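Colleague: Can you read through this structure? Questions will come right after.
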Amino acid sequence: MSNSSTQGSFQTAAIRSDKQHTLGGSFTLEGIGLHTGEPTKLTLHPADAGHGYVFQRTDLPGAPTIPADCDLVVETRRGTTLEKAGARVHTTEHLLAALYGCGIDNALIEMDGPEVPILDGSSWPFVAHIEQVGSTKQDADRRFFVLNDTVTQHDGEGVEMLAVPPVDDEFRITVMVDYHSPILGTQHASMYHLGQFVPEISRCRTFVFLKEVKSLLEQGLIKGGDLDNAIVLAEREYEKSELSTIAKLAGKEDLRVEPGKIGVLNNTALQYENEPARHKLLDIVGDLALTGCFIKGHILAARPGHAGNVAFAQKLKRMMQAENGIPHYDPTEPPVLDIQDIERLLPHRYPFLLVDKVISRTNEGIVGLKNVTMNEPFFQGHFPGNPVMPGVLQIEAMAQVGGLFALSGVENPEEWSTYFMKIDNVRFKQKVVPGDTVLFQLKLASPIRRGLVHMTGKAFVGGKLVSQAEMLAQIVRDRVPTTTSV
């Protein structure tokens with residue numbers, strides 16, 4: 001492992017940089033999942049700029065990928081679980097906090113099991129390996145989100161979160177925890193800038209009250225729990241028979257609290273008097289990493305948990321997208337145009353109809369989407385074993401959305417067609433693969449005149465730009481409406 005001065009130098013450079021960073025090399029860790037109890041080998045690799053944090057389940061058919069995205073969170077009981085297209089990854093927060101806290105923007109995380117190993121219950125084992133391989137600066141600007149307004153959230157059960165504009169452009173967190181416990185009382189923890197994460201937060205372990213352990217075990221959770229990877233707090237005096245029952249459920253021979261006392265199970269020493277509060281701060285860092293941006297602002301949290309953290313991350317992500325002009329898609333909202341409406345406007349049919357629905361339309365632009373599945377006919381040859389949506393079809397789908405914009409604004413649209421005249425400034429940023437939902441956003445570049453429609457188009461997957469183009473098309477009245485004989 002590198003010396004401390006080298007470590008501090010690389011961390012400061014990566015954290016303070018305006019450029020993206022990836023890992024300086026690959027490394028592997030192995031361990032047991034806290035909740036599933038299953039062994040997992042975890043290998044982290046450097047990744048290209050703009051890649052973000054992406055998990056890959058190498059043990060599943062097709063080795064599916066799951067981006068670290070707050071919109072993919074499906075479970076927050078005792079940890080943060082992500083899922084995409086049926087592939088899950090559990091307990092992501094400690095690893096993501098380590099990457100974020102070390103100033104890493106992009107990494108591919110290969111896993112041969114369902115859950116990130118719990119290791120010692122903190123972020124430190126991951127941080128130590130990141131320090132060992134170092135980081136590499138990339139030729140791309142880092143994605144920042146600067147809070148300009150106050151953002152609040154309250155869940156009605158005592159969990160409160162507040163974000164306010166930054167002091168000196170720093171990412172600052174203040175946490176208060178209060179479990180009405182004679183052990184913990186009310187605790188506070190603060191991180192004044194991200195540079196404090198590694199030395200003051202990363203080693204702080206997860207904790208649980210002994211009164212919760214039995215319930216968690218009966219729910220099938222903490223199968224990989226051990227005295228070495230969590231602080232277990234006995235909030236009252238326990239009879240020997242009670243401890244024996246819990247020990248049996250946990251598969252342990254013996255659980256002990258010093259007779260006649262309350263405190264930490266088996267006398268594990270706390271590293272800090274407020275280690276539980278610091279660990280809650282660590283969890284916030286990991287969960288807010290799911291926004292995909294480095295945040296400049298002050299986060300204040302009272303009695304935080306993963307559910308509240310993730311909900312707050314989603315709220316911040318919506319604000320980021322609005323500021324960056326990225327369209328938001330809520331699948332529960334009714335579409336502006338459904339597939340039947342689209343078929344009435346466009347002449348395209350299988351296998352060349354590439355728009356599933358339109359989710360917004362104004363006088364200046366339109367947003368449509370396509371759900372990409374493995375059943376697309378073009379995946380048979382593009383490419384076997386490595387399915388990628390052809391760039392030319394991304395542009396075609398974008399053009400069809402533009403056509404819907406133009407045709408939905410004329411009388412008797414079934415009599416009109418749209419034809420390409422020119423395509424300029426086409427760029428492809430990243431792959432589109434099965435399981436992706438592609439949002440196509442098109443805006444008028446100039447008013448429609450003499451049937452000429454000039455639009456700029458962008459395609460997004462998960463809030464990330466995947467392709468873009470400028471297009472000029474002409475709408476022509478050349479279709480004969482279908483008549484029905486009586």
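Chains: A, B, ... in order of the structure tokens. Residues: from 1 per chain. Ligands: from 1, in order shown.
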Find the residues of stretch 20-135 of chain A that sit at most 7 Å from stretch 277-300 of chain A; for each, write down the nearest two atoms and how far apart they are in Å, to one decimal. Count only C-alpha atoms. Sort by chain, then by number going up, and give it as a tab-separated table.

Modeller:
residue	atom	partner	partner_atom	distance
A:Gly52	CA	A:Gly292	CA	6.8
A:Ala68	CA	A:Leu290	CA	5.4
A:Asp69	CA	A:Leu290	CA	4.7
A:Cys70	CA	A:Leu290	CA	4.8
A:Glu93	CA	A:Gly286	CA	4.4
A:His94	CA	A:Gly286	CA	6.0
A:Leu96	CA	A:Gly286	CA	4.8
A:Ala97	CA	A:Gly286	CA	3.7
A:Tyr100	CA	A:Ala289	CA	6.3

Colleague: Using only C-alpha atoms, tabulate the residues of stretch 416-468 of chain A lying at most 9 Å from any atom of stretch 325-339 of chain A, each with its closest atom pair and that distance in Å to one decimal, by chain and increasing residue number, as CSV.

Modeller:
residue,atom,partner,partner_atom,distance
A:Leu439,CA,A:Pro327,CA,7.4
A:Phe440,CA,A:Pro327,CA,8.7
A:Gln441,CA,A:Pro327,CA,7.2
A:Phe460,CA,A:Ile326,CA,7.6
A:Gly463,CA,A:Ile326,CA,6.3
A:Lys464,CA,A:Ile326,CA,8.3
A:Leu465,CA,A:Ile326,CA,8.6

Colleague: Suppose you want the space between atom CA of A:Tyr53 and atom CA of A:Asn106; what is it in Å?

Modeller: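 Between atom CA of A:Tyr53 and atom CA of A:Asn106 the gap works out to 5.4 Å.
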
Colleague: What is the distance between atom CA of A:Glu131 and atom CA of A:Leu72, in Å to one decimal?

Modeller: 28.7 Å

Colleague: Just give me the gap between atom CA of A:Cys204 and atom CA of A:Val232 in Å, one decimal is fine.

Modeller: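 Spanning atom CA of A:Cys204 to atom CA of A:Val232 is a straight-line distance of 13.3 Å.
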
Colleague: Using only C-alpha atoms for the distances, tell me which of A:Ser408, A:Gln20, A:Thr437, A:Thr418 is nearest to A:Ile366.

Modeller: A:Ser408
